[in-house]
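J.: Attaching a single structure in structure tokens format; questions to follow.
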Amino acid sequence: MLRVGQTAPHFEAMTTSGERLSLLSLRGKIVVLYFFRRAFTRNCTVETKGFRDNYEELVALGSEVVGISCDEHATQCRFAETHGIGFPMIADTDRSISTAYRTFFSLLPMISHRVTYVVDRQGTVAGVFNHEFQVVKHLDEVTTFVRELAKKDG
């Protein structure tokens, strides 16, 4: 995984809404990049719905949420539509973003950690959150961290 203080790797990808998104286009915002294992699985669905339910608050704090998994684009689109996701979702089918962000387990290179990176307004990793099974705790810690970061950046 990346560490706090590292520059967040640049990426550009197609979102489930059909638009191209790049990390650079989000400069000036706090970016919540959450990597999840697989669409439609229990914990990943709970996590995604949690970000959905807190999305307005996160946007009000000057942030953008981006969900990323290695699912196929069509699967990611169905997942976003099924759960009414209003933020960008990316299907990292070639695994380039996940590889750049070092989300894979070292002994299981095809399985991604449940990790969220909070990238500050300048493009630096400000926070790293990794909870494989404590999805609600994960979301609470990320949201609390973004609130504090937004206050500090004020």
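Here, A, B, ... name the chains of the structure tokens in the order displayed, residue numbers run from 1 inside each chain, and ligands are numbered from 1 in the same displayed order.
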Which residues come within 9 Å of Thr75 in chain A, counting only C-alpha atoms, excluding same-chain residues fewer than 4 positions away, as a short mmCIF file (atom, residue, chain, number, x, y, z; two decimals) with N, CA and C atoms, in the first residue's frame?
T.:
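Writing done, so here's selection_30.cif:
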data_model
loop_
_atom_site.label_atom_id
_atom_site.label_comp_id
_atom_site.auth_asym_id
_atom_site.auth_seq_id
_atom_site.Cartn_x
_atom_site.Cartn_y
_atom_site.Cartn_z
N ALA A 39 -17.86 -6.09 -7.03
CA ALA A 39 -19.23 -5.61 -7.04
C ALA A 39 -20.19 -6.72 -6.65
N PHE A 40 -21.25 -6.34 -5.96
CA PHE A 40 -22.35 -7.22 -5.56
C PHE A 40 -22.00 -8.19 -4.43
N ASP A 71 -13.57 -5.21 -11.41
CA ASP A 71 -14.68 -5.80 -12.15
C ASP A 71 -14.71 -5.32 -13.59
N PHE A 79 -23.76 -2.42 -11.03
CA PHE A 79 -23.61 -2.22 -9.60
C PHE A 79 -23.99 -0.78 -9.23
N ALA A 80 -23.45 0.19 -9.94
CA ALA A 80 -23.75 1.60 -9.68
C ALA A 80 -25.23 1.90 -9.89
N ALA A 91 -14.12 0.80 -13.36
CA ALA A 91 -13.76 -0.62 -13.53
C ALA A 91 -12.31 -0.67 -13.98
#
J.: Going by DSSP on the backbone, which bits of chain A are helix (DSSP H, G or I)? Write them as an MDAnalysis selection string, please.
T.: chainID A and resid 24:26 42:60 73:82 96:100 135:153
J.: With only C-alpha atoms as the atoms that count, which of A:Ser63, A:Thr48, A:Gln76, A:Thr99 lies nearest to Val119 in chain A?
T.: A:Ser63
J.: If we count only C-alpha atoms, what is near range 29-32 of chain A at a cut-off of 12 Å, once residues fewer than 4 positions away on the same chain are taken out, given as a PyMOL selection string?
T.: chain A and resi 8+22-25+51+54-55+58-68+87-89+115-129+139+141-143+145-154
J.: Give me the residues near Asp92 in chain A as a list in words, where near means some atom within 10 Å (using only C-alpha atoms) and where sequence neighbours in that chain fewer than 5 positions away do not count.
T.: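 Here the answer would be Ala13, Met14, Thr15, Phe35, Ile68, Ser69, Cys70, Asp71, Glu72, His73, Gln76, Ile97, Ser98 and Thr99 of chain A.
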J.: Would you write out those residues with N, CA and C atoms, as a JSON list (two decimals), in the first residue's frame?
T.:
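Written out: selection-v6.json:
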[["chain", "number", "residue", "atom", "x", "y", "z"],
["A", 13, "ALA", "N", -9.39, 7.26, -16.40],
["A", 13, "ALA", "CA", -10.20, 6.07, -16.69],
["A", 13, "ALA", "C", -11.63, 6.48, -17.01],
["A", 14, "MET", "N", -12.36, 5.55, -17.61],
["A", 14, "MET", "CA", -13.78, 5.74, -17.93],
["A", 14, "MET", "C", -14.60, 5.40, -16.69],
["A", 15, "THR", "N", -15.56, 6.26, -16.38],
["A", 15, "THR", "CA", -16.43, 6.01, -15.24],
["A", 15, "THR", "C", -17.70, 5.29, -15.71],
["A", 35, "PHE", "N", -10.97, 1.49, -2.84],
["A", 35, "PHE", "CA", -10.77, 0.28, -3.63],
["A", 35, "PHE", "C", -11.52, -0.85, -2.94],
["A", 68, "ILE", "N", -13.39, 2.15, -6.94],
["A", 68, "ILE", "CA", -12.59, 1.43, -7.94],
["A", 68, "ILE", "C", -12.53, -0.06, -7.58],
["A", 69, "SER", "N", -12.83, -0.90, -8.56],
["A", 69, "SER", "CA", -12.60, -2.34, -8.41],
["A", 69, "SER", "C", -12.15, -2.88, -9.76],
["A", 70, "CYS", "N", -11.72, -4.11, -9.75],
["A", 70, "CYS", "CA", -11.22, -4.74, -10.98],
["A", 70, "CYS", "C", -12.33, -5.47, -11.75],
["A", 71, "ASP", "N", -13.57, -5.21, -11.41],
["A", 71, "ASP", "CA", -14.68, -5.80, -12.15],
["A", 71, "ASP", "C", -14.71, -5.32, -13.59],
["A", 72, "GLU", "N", -15.46, -6.02, -14.41],
["A", 72, "GLU", "CA", -15.69, -5.57, -15.79],
["A", 72, "GLU", "C", -16.52, -4.29, -15.77],
["A", 73, "HIS", "N", -16.36, -3.47, -16.79],
["A", 73, "HIS", "CA", -17.07, -2.19, -16.86],
["A", 73, "HIS", "C", -18.58, -2.39, -16.78],
["A", 76, "GLN", "N", -19.60, -3.14, -13.25],
["A", 76, "GLN", "CA", -19.51, -1.92, -12.42],
["A", 76, "GLN", "C", -20.69, -0.99, -12.71],
["A", 97, "ILE", "N", -4.62, 0.86, -12.22],
["A", 97, "ILE", "CA", -4.80, 1.79, -11.10],
["A", 97, "ILE", "C", -4.53, 1.06, -9.79],
["A", 98, "SER", "N", -5.10, -0.12, -9.65],
["A", 98, "SER", "CA", -4.89, -0.91, -8.43],
["A", 98, "SER", "C", -3.42, -1.24, -8.22],
["A", 99, "THR", "N", -2.72, -1.52, -9.29],
["A", 99, "THR", "CA", -1.28, -1.80, -9.20],
["A", 99, "THR", "C", -0.52, -0.55, -8.77]]
J.: Could you tell me how far CA of Ile90 in chain A lies from CA of Arg38 in chain A, in Å and to one decimal?
T.: 11.8 Å
